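Okay, so here's the structure we're looking at.
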Amino acid sequence: MDQKVHILGFAGSLRKQSYNRAILAAALEMVPDDASLEIFDLERIPPFNQDLELQPPDKVKEFKARIRAADAILIATPEYNYSIPGVLKNAIDWASRPYGDNAFNGKPVAMIGASIGTLGTARAQYHLRQSFVFLNMCPMNQPEVMVSFAQDKVDGSGRLTDEKTRKKIRELLESLVAWTRRTKLADEMQTKKLAA
Ligand SMILES: Cc1cc2nc3c(=O)[nH]c(=O)nc-3n(C[C@H](O)[C@H](O)[C@H](O)COP(=O)(O)O)c2cc1C
């Protein structure tokens, strides 16, 4: 894989002053030279209705197309009631359907998350990992980026100012690019082996 690694990022918060949107915006400033990052906004994705999964709304069609065009996925998740927000789960459910047309299939994925509490979305991130199993994604294990006390690390204009957190996000992006290249290489080798 010689070309740039294209990453699609989205945040599970619709809040304008969202800390998770802020850390995703910070990631945009720190993308490695051999990668690109595009942010998709989950706003206006309607509640999932299985009656509509064969003719999904345009916003869902667009979301699935952006996922398919990406080499890797980066999810910024808040923690709601010890799990992931409904907005995020809803978007994932749409993109995984109908059965056999899961846009996430085989995609490398990494997570970041910010909360105002001490654990920095740890519980939400581990719930999200569980969904990656059925989605057949390739989750990166480390580094983990769990931003606690986000209110002290993001300023009034929504800029992530905490240098340690910025460094961790930069490391995660570099690792995701390497992880994506490794995953692609393994896929290519497997395809060659099967064809031989
Ligand atoms: C419905 C709801 C449930 C929440 N549950 C948790 C929780 O379980 N653990 C936690 O650390 N914070 C919890 N919070 C606080 C969030 O960490 C905080 O609102 C955070 O700023 C949300 O992310 P955002 O800034 O990206 O919108 C909850 C907030 C809401 C609105």
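In the structure tokens, the first chain shown is A, the next is B, and so on; residue numbers restart at 1 for each chain, and ligands run from 1 in the order shown.
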Non-local contacts of region 166-174 of chain A (12 Å; only C-alpha atoms; under 4 positions in same chain excluded) as a PDB file with N, CA and C atoms, in the first residue's frame:
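Generated output (part-v9.pdb):
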ATOM      1  N   VAL A   5      -2.798   6.740   3.662  1.00  0.00           N
ATOM      2  CA  VAL A   5      -3.880   6.041   4.365  1.00  0.00           C
ATOM      3  C   VAL A   5      -4.991   7.051   4.645  1.00  0.00           C
ATOM      4  N   HIS A   6      -6.185   6.749   4.137  1.00  0.00           N
ATOM      5  CA  HIS A   6      -7.306   7.679   4.330  1.00  0.00           C
ATOM      6  C   HIS A   6      -8.157   7.210   5.509  1.00  0.00           C
ATOM      7  N   ILE A   7      -8.276   8.078   6.512  1.00  0.00           N
ATOM      8  CA  ILE A   7      -9.021   7.734   7.743  1.00  0.00           C
ATOM      9  C   ILE A   7     -10.327   8.521   7.774  1.00  0.00           C
ATOM     10  N   LEU A   8     -11.400   7.825   8.105  1.00  0.00           N
ATOM     11  CA  LEU A   8     -12.681   8.508   8.328  1.00  0.00           C
ATOM     12  C   LEU A   8     -12.937   8.566   9.837  1.00  0.00           C
ATOM     13  N   GLY A   9     -13.176   9.782  10.339  1.00  0.00           N
ATOM     14  CA  GLY A   9     -13.429   9.940  11.774  1.00  0.00           C
ATOM     15  C   GLY A   9     -14.840  10.432  12.030  1.00  0.00           C
ATOM     16  N   ALA A  22     -14.029  17.975  19.962  1.00  0.00           N
ATOM     17  CA  ALA A  22     -12.807  18.776  20.106  1.00  0.00           C
ATOM     18  C   ALA A  22     -11.553  17.915  19.935  1.00  0.00           C
ATOM     19  N   ILE A  23     -11.571  16.703  20.505  1.00  0.00           N
ATOM     20  CA  ILE A  23     -10.350  15.875  20.363  1.00  0.00           C
ATOM     21  C   ILE A  23     -10.227  15.327  18.938  1.00  0.00           C
ATOM     22  N   LEU A  24     -11.381  15.160  18.273  1.00  0.00           N
ATOM     23  CA  LEU A  24     -11.331  14.745  16.855  1.00  0.00           C
ATOM     24  C   LEU A  24     -10.788  15.896  15.999  1.00  0.00           C
ATOM     25  N   ALA A  25     -11.197  17.108  16.337  1.00  0.00           N
ATOM     26  CA  ALA A  25     -10.686  18.286  15.617  1.00  0.00           C
ATOM     27  C   ALA A  25      -9.183  18.423  15.850  1.00  0.00           C
ATOM     28  N   ALA A  26      -8.732  18.081  17.053  1.00  0.00           N
ATOM     29  CA  ALA A  26      -7.291  18.132  17.343  1.00  0.00           C
ATOM     30  C   ALA A  26      -6.554  17.090  16.496  1.00  0.00           C
ATOM     31  N   ALA A  27      -7.183  15.918  16.334  1.00  0.00           N
ATOM     32  CA  ALA A  27      -6.567  14.866  15.507  1.00  0.00           C
ATOM     33  C   ALA A  27      -6.346  15.369  14.078  1.00  0.00           C
ATOM     34  N   LEU A  28      -7.304  16.168  13.608  1.00  0.00           N
ATOM     35  CA  LEU A  28      -7.217  16.727  12.248  1.00  0.00           C
ATOM     36  C   LEU A  28      -5.937  17.553  12.075  1.00  0.00           C
ATOM     37  N   GLU A  29      -5.520  18.205  13.139  1.00  0.00           N
ATOM     38  CA  GLU A  29      -4.313  19.060  13.075  1.00  0.00           C
ATOM     39  C   GLU A  29      -3.030  18.231  13.141  1.00  0.00           C
ATOM     40  N   MET A  30      -3.170  16.936  13.502  1.00  0.00           N
ATOM     41  CA  MET A  30      -1.960  16.146  13.775  1.00  0.00           C
ATOM     42  C   MET A  30      -1.814  14.921  12.874  1.00  0.00           C
ATOM     43  N   VAL A  31      -2.545  14.915  11.765  1.00  0.00           N
ATOM     44  CA  VAL A  31      -2.502  13.736  10.885  1.00  0.00           C
ATOM     45  C   VAL A  31      -1.084  13.571  10.317  1.00  0.00           C
ATOM     46  N   PRO A  32      -0.529  12.368  10.367  1.00  0.00           N
ATOM     47  CA  PRO A  32       0.809  12.161   9.789  1.00  0.00           C
ATOM     48  C   PRO A  32       0.823  12.484   8.289  1.00  0.00           C
ATOM     49  N   ASP A  33       2.005  12.779   7.765  1.00  0.00           N
ATOM     50  CA  ASP A  33       2.134  13.184   6.355  1.00  0.00           C
ATOM     51  C   ASP A  33       1.643  12.111   5.396  1.00  0.00           C
ATOM     52  N   ASP A  34       1.760  10.852   5.812  1.00  0.00           N
ATOM     53  CA  ASP A  34       1.374   9.774   4.892  1.00  0.00           C
ATOM     54  C   ASP A  34      -0.084   9.328   5.106  1.00  0.00           C
ATOM     55  N   ALA A  35      -0.893  10.251   5.654  1.00  0.00           N
ATOM     56  CA  ALA A  35      -2.306   9.919   5.892  1.00  0.00           C
ATOM     57  C   ALA A  35      -3.175  11.151   5.711  1.00  0.00           C
ATOM     58  N   SER A  36      -4.482  10.918   5.602  1.00  0.00           N
ATOM     59  CA  SER A  36      -5.445  12.030   5.578  1.00  0.00           C
ATOM     60  C   SER A  36      -6.594  11.645   6.499  1.00  0.00           C
ATOM     61  N   LEU A  37      -7.258  12.652   7.041  1.00  0.00           N
ATOM     62  CA  LEU A  37      -8.375  12.408   7.965  1.00  0.00           C
ATOM     63  C   LEU A  37      -9.548  13.273   7.526  1.00  0.00           C
ATOM     64  N   ALA A  72      -9.339   3.294   6.958  1.00  0.00           N
ATOM     65  CA  ALA A  72      -9.419   3.046   8.403  1.00  0.00           C
ATOM     66  C   ALA A  72     -10.450   3.994   9.017  1.00  0.00           C
ATOM     67  N   ILE A  73     -10.900   3.612  10.205  1.00  0.00           N
ATOM     68  CA  ILE A  73     -11.944   4.374  10.904  1.00  0.00           C
ATOM     69  C   ILE A  73     -11.393   4.840  12.260  1.00  0.00           C
ATOM     70  N   LEU A  74     -11.733   6.060  12.635  1.00  0.00           N
ATOM     71  CA  LEU A  74     -11.377   6.599  13.954  1.00  0.00           C
ATOM     72  C   LEU A  74     -12.659   7.105  14.619  1.00  0.00           C
ATOM     73  N   ILE A  75     -12.995   6.513  15.776  1.00  0.00           N
ATOM     74  CA  ILE A  75     -14.240   6.882  16.459  1.00  0.00           C
ATOM     75  C   ILE A  75     -13.910   7.602  17.767  1.00  0.00           C
ATOM     76  N   ALA A  76     -14.504   8.773  17.943  1.00  0.00           N
ATOM     77  CA  ALA A  76     -14.382   9.504  19.221  1.00  0.00           C
ATOM     78  C   ALA A  76     -15.687   9.304  19.975  1.00  0.00           C
ATOM     79  N   VAL A 109      -9.716  -0.098  12.816  1.00  0.00           N
ATOM     80  CA  VAL A 109     -10.419   0.936  13.578  1.00  0.00           C
ATOM     81  C   VAL A 109      -9.659   1.250  14.867  1.00  0.00           C
ATOM     82  N   ALA A 110      -9.692   2.536  15.233  1.00  0.00           N
ATOM     83  CA  ALA A 110      -9.140   2.964  16.525  1.00  0.00           C
ATOM     84  C   ALA A 110     -10.151   3.879  17.202  1.00  0.00           C
ATOM     85  N   MET A 111     -10.013   3.989  18.518  1.00  0.00           N
ATOM     86  CA  MET A 111     -10.944   4.811  19.304  1.00  0.00           C
ATOM     87  C   MET A 111     -10.188   5.848  20.110  1.00  0.00           C
ATOM     88  N   ILE A 112     -10.849   6.979  20.317  1.00  0.00           N
ATOM     89  CA  ILE A 112     -10.423   7.949  21.313  1.00  0.00           C
ATOM     90  C   ILE A 112     -11.690   8.344  22.068  1.00  0.00           C
ATOM     91  N   GLY A 113     -11.543   8.956  23.218  1.00  0.00           N
ATOM     92  CA  GLY A 113     -12.745   9.374  23.939  1.00  0.00           C
ATOM     93  C   GLY A 113     -12.403  10.348  25.043  1.00  0.00           C
ATOM     94  N   ALA A 114     -13.355  11.234  25.333  1.00  0.00           N
ATOM     95  CA  ALA A 114     -13.157  12.229  26.391  1.00  0.00           C
ATOM     96  C   ALA A 114     -14.390  12.289  27.269  1.00  0.00           C
ATOM     97  N   MET A 140      -7.480  -1.689  16.673  1.00  0.00           N
ATOM     98  CA  MET A 140      -6.110  -1.530  17.160  1.00  0.00           C
ATOM     99  C   MET A 140      -6.166  -1.583  18.693  1.00  0.00           C
ATOM    100  N   ASN A 141      -5.245  -2.303  19.297  1.00  0.00           N
ATOM    101  CA  ASN A 141      -5.273  -2.435  20.763  1.00  0.00           C
ATOM    102  C   ASN A 141      -4.690  -1.229  21.482  1.00  0.00           C
ATOM    103  N   GLN A 142      -3.520  -0.795  21.022  1.00  0.00           N
ATOM    104  CA  GLN A 142      -2.830   0.276  21.736  1.00  0.00           C
ATOM    105  C   GLN A 142      -2.174   1.241  20.754  1.00  0.00           C
ATOM    106  N   PRO A 143      -1.949   2.502  21.129  1.00  0.00           N
ATOM    107  CA  PRO A 143      -2.210   3.082  22.440  1.00  0.00           C
ATOM    108  C   PRO A 143      -3.698   3.347  22.650  1.00  0.00           C
ATOM    109  N   GLU A 144      -4.106   3.353  23.916  1.00  0.00           N
ATOM    110  CA  GLU A 144      -5.465   3.734  24.253  1.00  0.00           C
ATOM    111  C   GLU A 144      -5.446   5.226  24.618  1.00  0.00           C
ATOM    112  N   VAL A 145      -6.436   5.959  24.113  1.00  0.00           N
ATOM    113  CA  VAL A 145      -6.518   7.390  24.437  1.00  0.00           C
ATOM    114  C   VAL A 145      -7.840   7.641  25.145  1.00  0.00           C
ATOM    115  N   MET A 146      -7.767   7.825  26.456  1.00  0.00           N
ATOM    116  CA  MET A 146      -8.949   8.037  27.286  1.00  0.00           C
ATOM    117  C   MET A 146      -8.735   9.349  28.035  1.00  0.00           C
ATOM    118  N   VAL A 147      -9.408  10.372  27.601  1.00  0.00           N
ATOM    119  CA  VAL A 147      -9.148  11.723  28.113  1.00  0.00           C
ATOM    120  C   VAL A 147     -10.082  12.016  29.293  1.00  0.00           C
ATOM    121  N   LYS A 153      -8.950  20.400  29.803  1.00  0.00           N
ATOM    122  CA  LYS A 153      -7.969  20.196  28.728  1.00  0.00           C
ATOM    123  C   LYS A 153      -8.390  20.824  27.397  1.00  0.00           C
ATOM    124  N   VAL A 154      -9.647  21.286  27.358  1.00  0.00           N
ATOM    125  CA  VAL A 154     -10.174  21.929  26.137  1.00  0.00           C
ATOM    126  C   VAL A 154     -10.554  23.353  26.536  1.00  0.00           C
ATOM    127  N   ARG A 159     -10.556  24.216  21.619  1.00  0.00           N
ATOM    128  CA  ARG A 159      -9.235  23.709  21.241  1.00  0.00           C
ATOM    129  C   ARG A 159      -8.657  22.853  22.350  1.00  0.00           C
ATOM    130  N   LEU A 160      -8.154  21.677  21.971  1.00  0.00           N
ATOM    131  CA  LEU A 160      -7.485  20.809  22.938  1.00  0.00           C
ATOM    132  C   LEU A 160      -6.131  21.436  23.249  1.00  0.00           C
ATOM    133  N   THR A 161      -5.951  21.851  24.491  1.00  0.00           N
ATOM    134  CA  THR A 161      -4.727  22.589  24.847  1.00  0.00           C
ATOM    135  C   THR A 161      -3.735  21.730  25.616  1.00  0.00           C
ATOM    136  N   ASP A 162      -4.158  20.583  26.104  1.00  0.00           N
ATOM    137  CA  ASP A 162      -3.297  19.754  26.942  1.00  0.00           C
ATOM    138  C   ASP A 162      -2.255  19.028  26.079  1.00  0.00           C
ATOM    139  N   ALA A 178       0.172   2.744  10.734  1.00  0.00           N
ATOM    140  CA  ALA A 178       1.008   1.526  10.640  1.00  0.00           C
ATOM    141  C   ALA A 178       0.128   0.272  10.694  1.00  0.00           C
ATOM    142  N   TRP A 179      -0.848   0.285  11.578  1.00  0.00           N
ATOM    143  CA  TRP A 179      -1.767  -0.858  11.750  1.00  0.00           C
ATOM    144  C   TRP A 179      -2.551  -1.097  10.458  1.00  0.00           C
ATOM    145  N   THR A 180      -2.982  -0.020   9.820  1.00  0.00           N
ATOM    146  CA  THR A 180      -3.754  -0.126   8.570  1.00  0.00           C
ATOM    147  C   THR A 180      -2.880  -0.727   7.465  1.00  0.00           C
ATOM    148  N   ARG A 181      -1.630  -0.282   7.388  1.00  0.00           N
ATOM    149  CA  ARG A 181      -0.732  -0.831   6.350  1.00  0.00           C
ATOM    150  C   ARG A 181      -0.470  -2.324   6.602  1.00  0.00           C
TER     151      ARG A 181
END
Would you mind listing what lies within 7 Å of Asn136 (chain A) as a ChimeraX atom specification, with only C-alpha atoms counted and same-chain residues fewer than 3 positions away left out? /A:105-106,132-133
Show me which residues sit within 6 Å of ligand 1 when counting only C-alpha atoms and all ligand atoms, and put them as a CSV table (one decimal) with all heavy atoms, in the first residue's frame.
chain,number,residue,atom,x,y,z
A,13,SER,N,-21.1,12.4,19.6
A,13,SER,CA,-21.8,13.5,20.3
A,13,SER,C,-22.2,14.6,19.3
A,13,SER,O,-21.4,14.9,18.4
A,13,SER,CB,-20.8,14.2,21.3
A,13,SER,OG,-21.5,15.3,21.9
A,15,ARG,N,-23.3,17.5,20.3
A,15,ARG,CA,-23.2,18.8,21.1
A,15,ARG,C,-22.1,19.7,20.4
A,15,ARG,O,-21.0,19.3,20.1
A,15,ARG,CB,-22.7,18.4,22.5
A,15,ARG,CG,-23.1,19.3,23.6
A,15,ARG,CD,-22.8,18.6,24.9
A,15,ARG,NE,-21.4,18.4,25.2
A,15,ARG,CZ,-20.7,19.4,25.8
A,15,ARG,NH1,-21.1,20.6,26.1
A,15,ARG,NH2,-19.4,19.1,26.1
A,18,SER,N,-18.9,19.9,22.3
A,18,SER,CA,-18.5,18.5,22.6
A,18,SER,C,-17.0,18.4,22.8
A,18,SER,O,-16.2,18.8,21.9
A,18,SER,CB,-19.0,17.6,21.5
A,18,SER,OG,-18.3,16.4,21.6
A,19,TYR,N,-16.6,17.8,23.9
A,19,TYR,CA,-15.1,17.5,24.1
A,19,TYR,C,-14.7,16.4,23.1
A,19,TYR,O,-13.5,16.4,22.7
A,19,TYR,CB,-14.9,17.0,25.5
A,19,TYR,CG,-15.2,18.1,26.5
A,19,TYR,CD1,-16.2,17.9,27.5
A,19,TYR,CD2,-14.7,19.4,26.4
A,19,TYR,CE1,-16.5,18.9,28.5
A,19,TYR,CE2,-15.0,20.4,27.3
A,19,TYR,CZ,-15.9,20.1,28.3
A,19,TYR,OH,-16.3,21.1,29.2
A,20,ASN,N,-15.5,15.5,22.7
A,20,ASN,CA,-15.2,14.4,21.8
A,20,ASN,C,-15.0,15.0,20.4
A,20,ASN,O,-14.1,14.6,19.7
A,20,ASN,CB,-16.2,13.3,21.9
A,20,ASN,CG,-16.0,12.5,23.1
A,20,ASN,OD1,-15.1,11.7,23.2
A,20,ASN,ND2,-16.8,12.8,24.2
A,21,ARG,N,-15.8,15.9,20.0
A,21,ARG,CA,-15.6,16.6,18.7
A,21,ARG,C,-14.3,17.4,18.8
A,21,ARG,O,-13.6,17.5,17.8
A,21,ARG,CB,-16.8,17.5,18.4
A,21,ARG,CG,-18.1,16.7,18.0
A,21,ARG,CD,-19.3,17.5,18.1
A,21,ARG,NE,-19.5,18.3,16.9
A,21,ARG,CZ,-20.6,18.2,16.1
A,21,ARG,NH1,-21.5,17.3,16.4
A,21,ARG,NH2,-20.7,18.9,15.0
A,78,PRO,N,-18.0,9.6,23.5
A,78,PRO,CA,-18.3,9.9,24.9
A,78,PRO,C,-18.8,8.7,25.6
A,78,PRO,O,-18.9,7.6,25.0
A,78,PRO,CB,-19.5,10.9,24.7
A,78,PRO,CG,-19.7,11.2,23.3
A,78,PRO,CD,-19.1,10.1,22.5
A,79,GLU,N,-18.9,8.8,26.9
A,79,GLU,CA,-19.5,7.7,27.7
A,79,GLU,C,-20.8,8.1,28.3
A,79,GLU,O,-20.9,9.2,29.0
A,79,GLU,CB,-18.5,7.3,28.8
A,79,GLU,CG,-19.0,6.2,29.7
A,79,GLU,CD,-18.0,5.6,30.7
A,79,GLU,OE1,-17.0,5.1,30.2
A,79,GLU,OE2,-18.2,5.8,31.9
A,80,TYR,N,-21.9,7.4,27.9
A,80,TYR,CA,-23.2,7.7,28.5
A,80,TYR,C,-23.7,6.5,29.3
A,80,TYR,O,-23.8,5.4,28.7
A,80,TYR,CB,-24.2,7.9,27.3
A,80,TYR,CG,-24.2,9.3,26.7
A,80,TYR,CD1,-23.3,10.3,27.0
A,80,TYR,CD2,-25.2,9.6,25.7
A,80,TYR,CE1,-23.3,11.5,26.4
A,80,TYR,CE2,-25.2,10.9,25.1
A,80,TYR,CZ,-24.3,11.8,25.4
A,80,TYR,OH,-24.3,13.0,24.8
A,81,ASN,N,-23.9,6.7,30.5
A,81,ASN,CA,-24.4,5.6,31.4
A,81,ASN,C,-23.6,4.3,31.3
A,81,ASN,O,-24.1,3.3,31.0
A,81,ASN,CB,-25.9,5.4,31.1
A,81,ASN,CG,-26.7,6.6,31.4
A,81,ASN,OD1,-26.6,7.1,32.5
A,81,ASN,ND2,-27.5,7.1,30.5
A,82,TYR,N,-22.3,4.6,31.4
A,82,TYR,CA,-21.3,3.5,31.3
A,82,TYR,C,-21.2,2.8,30.0
A,82,TYR,O,-20.7,1.6,29.9
A,82,TYR,CB,-21.6,2.4,32.4
A,82,TYR,CG,-21.1,2.8,33.8
A,82,TYR,CD1,-20.9,4.1,34.1
A,82,TYR,CD2,-21.0,1.8,34.8
A,82,TYR,CE1,-20.5,4.5,35.4
A,82,TYR,CE2,-20.6,2.2,36.1
A,82,TYR,CZ,-20.3,3.5,36.4
A,82,TYR,OH,-19.9,3.8,37.6
A,115,SER,N,-14.2,12.3,28.6
A,115,SER,CA,-15.3,12.5,29.5
A,115,SER,C,-14.9,13.5,30.6
A,115,SER,O,-13.7,13.9,30.7
A,115,SER,CB,-15.7,11.2,30.2
A,115,SER,OG,-14.8,10.9,31.2
A,116,ILE,N,-15.9,14.0,31.3
A,116,ILE,CA,-15.6,15.0,32.4
A,116,ILE,C,-15.2,14.3,33.7
A,116,ILE,O,-14.9,14.9,34.7
A,116,ILE,CB,-16.8,15.9,32.6
A,116,ILE,CG1,-18.0,15.1,32.9
A,116,ILE,CG2,-17.0,16.8,31.4
A,116,ILE,CD1,-19.2,16.0,33.2
A,117,GLY,N,-15.3,12.9,33.7
A,117,GLY,CA,-15.0,12.2,34.9
A,117,GLY,C,-13.5,11.6,34.9
A,117,GLY,O,-12.7,12.0,34.1
A,121,THR,N,-13.9,7.7,29.5
A,121,THR,CA,-14.6,6.8,28.5
A,121,THR,C,-14.2,5.4,28.5
A,121,THR,O,-14.5,4.7,27.5
A,121,THR,CB,-14.6,7.4,27.1
A,121,THR,OG1,-13.3,7.3,26.5
A,121,THR,CG2,-15.0,8.9,27.0
Calculated over only C-alpha atoms, which of the candidates A:Glu53, A:Asp71, A:Leu185, A:Gln17 has the smallest distance to Asp101 (chain A)? A:Glu53
So that I can check the secondary structure, give me every residue of chain A assigned strand (DSSP E or B) by backbone DSSP, as a PyMOL selection string. chain A and resi 5-11+35-40+72-76+80+83+108-114+138-139+145-147+154+160
Restricting to only C-alpha atoms, whichever of A:Ala122, A:Ala103, A:Leu52, A:Leu128 is closest to Lys89 (chain A) is A:Leu128
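Nearest to Thr118 (chain A) of all the residues A:Met137, A:Ile92, A:Ile39, A:Ala150 is A:Ala150, counting only C-alpha atoms.
Nearest residue to Pro46 (chain A), choosing from A:Gly120, A:Asp152, A:Ala11, A:Val87 and counting only C-alpha atoms: A:Val87.
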Residues flagged helix (DSSP H, G or I) by DSSP in region 70-147 of chain A, as number ranges by chain: A: 86-95, 122-135
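Remark: for Ala91 (chain A), the closest of the candidate residues A:Glu62, A:Glu163, A:Asp155, A:Asp51 is A:Glu62 (distances computed over only C-alpha atoms).
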Which of these residues is nearest to Lys64 (chain A), using only C-alpha atoms: A:Pro108, A:Gly158, A:Pro98, A:Gly12?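 Smallest separation from Lys64 (chain A) among the options: A:Pro98.
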